[in-house]
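To be precise, the following lines are query-v3.txt, and they hold compact mmCIF, C-alpha atoms and all ligand atoms.
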```txt
# COMPACT_ATOMS: atom_id res chain seq x y z
CA MET T 74 -21.26 15.38 -5.21
CA LYS T 75 -19.37 13.00 -2.94
CA ALA T 76 -15.66 13.82 -2.73
CA ASN T 77 -13.27 10.96 -3.29
CA PHE T 78 -10.72 11.18 -0.51
CA THR T 79 -7.40 9.44 -0.89
CA MET T 80 -5.15 8.43 2.00
CA GLU T 81 -2.82 11.33 1.12
CA MET T 82 -5.69 13.82 1.31
CA ASP T 83 -6.85 12.46 4.67
CA ASN T 84 -3.34 12.60 6.10
CA LEU T 85 -2.98 16.18 4.87
CA LEU T 86 -6.37 17.17 6.29
CA LEU T 87 -5.54 15.65 9.69
CA ASP T 88 -2.13 17.30 9.68
CA LEU T 89 -3.52 20.74 8.82
CA ASP T 90 -6.21 20.46 11.48
CA GLU T 91 -3.79 19.32 14.17
CA ARG T 92 -1.46 22.24 13.39
CA GLY T 93 -4.38 24.57 14.01
CA VAL T 94 -4.55 25.77 10.40
CA SER T 95 -7.79 27.71 9.92
CA LYS T 96 -10.72 26.20 8.03
CA ASP T 97 -10.55 28.59 5.09
CA VAL T 98 -6.87 27.72 4.54
CA GLN T 99 -7.77 24.00 4.65
CA VAL T 100 -10.46 24.73 2.04
CA ALA T 101 -7.95 26.58 -0.15
CA ILE T 102 -5.38 23.77 0.03
CA LEU T 103 -7.71 20.79 -0.45
CA LYS T 104 -10.07 22.64 -2.82
CA LEU T 105 -13.18 21.21 -1.17
CA PRO T 106 -16.06 22.88 0.69
CA GLN T 107 -15.52 23.43 4.41
CA ARG T 108 -18.59 21.33 5.23
CA THR T 109 -17.08 18.38 3.34
CA LEU T 110 -13.77 18.72 5.18
CA THR T 111 -15.42 18.98 8.61
CA ARG T 112 -17.52 15.91 7.89
CA ARG T 113 -14.47 14.03 6.66
CA LEU T 114 -12.45 14.92 9.76
CA GLY T 115 -15.30 13.62 11.92
CA TYR T 116 -15.33 10.40 9.89
CA ILE T 117 -11.56 9.86 10.24
CA ARG T 118 -11.72 10.44 14.02
CA ARG T 119 -14.68 8.05 14.37
CA LYS T 120 -12.68 5.40 12.52
CA GLY T 121 -9.75 5.98 14.88
CA GLY T 122 -7.32 7.12 12.18
CA VAL T 123 -6.44 6.97 8.52
CA SER T 124 -5.04 3.43 8.81
CA ASN T 125 -8.51 2.03 9.64
CA ILE T 126 -10.21 3.44 6.56
CA ASP T 127 -10.87 1.28 3.52
CA TYR T 128 -9.87 3.24 0.48
CA ALA T 129 -11.37 2.32 -2.86
CA GLU T 130 -7.97 2.35 -4.56
CA LYS T 131 -6.53 0.01 -1.91
CA THR T 132 -9.40 -2.45 -2.34
CA GLU T 133 -9.00 -2.34 -6.11
CA ARG T 134 -5.33 -3.21 -5.81
CA ASN T 135 -6.12 -6.19 -3.57
CA ARG T 136 -8.68 -7.48 -6.02
CA GLN T 137 -6.11 -7.41 -8.81
CA LYS T 138 -3.61 -9.29 -6.66
CA VAL T 139 -6.14 -12.10 -6.15
CA SER T 140 -6.92 -12.48 -9.85
CA TYR T 141 -3.24 -12.67 -10.76
CA ARG T 142 -2.61 -15.59 -8.40
CA LYS T 143 -2.22 -18.99 -10.02
CA PRO T 144 -5.12 -21.39 -9.35
CA GLU T 145 -4.34 -24.00 -6.67
CA PHE T 146 -4.97 -27.10 -8.78
CA ASP T 147 -2.33 -25.86 -11.19
CA GLN T 148 0.35 -25.89 -8.53
CA LYS T 149 -0.62 -29.23 -6.96
CA GLN T 150 -1.04 -31.30 -10.10
CA GLU T 151 1.75 -33.82 -10.42
CA ILE T 152 2.37 -36.11 -13.29
CA LYS T 153 3.99 -39.44 -12.57
CA LEU T 154 4.33 -42.83 -14.12
CA ARG T 155 1.64 -45.33 -13.19
CA ARG T 156 0.99 -48.87 -14.30
CA CYS T 157 -2.06 -49.18 -16.50
CA LEU T 158 -4.60 -51.56 -14.94
CA MET T 159 -5.44 -53.05 -18.32
CA CYS T 160 -2.23 -53.47 -20.32
CA LEU T 161 0.13 -53.24 -17.30
CA LYS T 162 2.41 -50.80 -19.12
CA ASP T 163 3.71 -47.63 -17.48
CA PHE T 164 2.19 -44.37 -18.66
CA PRO T 165 2.27 -40.73 -17.47
CA SER T 166 -0.71 -40.32 -15.14
CA PHE T 167 -2.24 -37.01 -13.99
CA GLY T 168 -3.44 -38.30 -10.64
CA GLU T 169 -4.80 -41.03 -8.37
CA GLY T 170 -7.96 -41.44 -10.45
CA ASN T 171 -6.08 -41.88 -13.71
CA GLN T 172 -5.02 -45.53 -13.82
CA ILE T 173 -5.83 -46.55 -17.36
CA CYS T 174 -3.50 -45.45 -20.15
CA PRO T 175 -4.91 -43.31 -23.00
CA LYS T 176 -4.43 -46.18 -25.45
CA CYS T 177 -6.55 -48.59 -23.40
CA LYS T 178 -9.24 -45.97 -22.86
CA LYS T 179 -9.80 -45.99 -26.58
CA THR T 180 -10.37 -49.73 -26.75
CA SER T 181 -13.87 -51.01 -26.96
CA ALA T 182 -13.39 -53.06 -23.81
CA TRP T 183 -12.93 -49.91 -21.70
CA LEU T 184 -15.67 -47.95 -23.42
CA THR T 185 -18.33 -50.65 -23.14
CA GLY T 186 -17.28 -52.22 -19.84
CA TYR T 187 -17.02 -55.69 -21.34
CA GLY T 188 -13.69 -57.46 -21.53
ZN ZN A 201 -3.10 -49.58 -21.00
```
Mind turning the file's structure into structure tokens?
Amino acid sequence: MKANFTMEMDNLLLDLDERGVSKDVQVAILKLPQRTLTRRLGYIRRKGGVSNIDYAEKTERNRQKVSYRKPEFDQKQEIKLRRCLMCLKDFPSFGEGNQICPKCKKTSAWLTGYG
């Protein structure tokens, strides 16, 4: 079974090892087989430290942050008054491409293209 190391566990493991705590004490504290701990220490050192390791829980948190962000088009959309190209009355328009008022869009002239 693959052990799921957290950043706290890695920090503890590194700390114990650097203090010269014996392997069987490390095993007793972290409750994992010595082979697993030795392999993990090697992994941390290869990565150059705990701060360079991608932890699953960290990644999960980032993913949630992204999904909570408001979509861009929501923030940029501005509603302002524009003059309708057909009846020349002002109406609230949702953007550059919206230049015919809702009332005129319902007329047969707009729908068929004949005036
Ligand atoms: Zn109109």
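Omitting Cys174 of chain T and its sequence neighbours fewer than 2 positions away, and counting all atoms listed in the file, the residues within 12 Å are Leu154, Arg155, Arg156, Cys157, Leu158, Met159, Cys160, Leu161, Lys162, Asp163, Phe164, Pro165, Ser166, Phe167, Gly168, Gly170, Asn171, Gln172, Lys176, Cys177, Lys178, Lys179, Thr180 and Trp183 of chain T.
Atom CA of Leu86 of chain T to atom CA of Pro106 of chain T spans 12.6 Å [interatomic distance, one decimal].
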ask   = Which polymer residues have any atom within 12 Å of an atom of segment 80-82 of chain T, counting all atoms listed in the file, with same-chain residues fewer than 2 positions away left out, as a count of residues only?
value = 29
inquiry  = Given only C-alpha atoms and all ligand atoms as the basis, pick out the residue of T:Ile173, T:Arg92, T:Leu184, T:Gln107 nearest to ligand ZN 201 (chain A).
reply    = T:Ile173
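The interatomic distance for the pair atom CA of Thr109 of chain T and atom CA of Lys96 of chain T works out to 11.1 Å.
Between atom CA of Glu151 of chain T and atom CA of Thr185 of chain T the interatomic distance comes to 29.1 Å.
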inquiry  = Could you check the closest approach to ligand ZN 201 (chain A) for each of T:Gly115, T:Gly121, T:Gly93, T:Pro175 and tell me which residue wins, using all atoms listed in the file?
reply    = T:Pro175
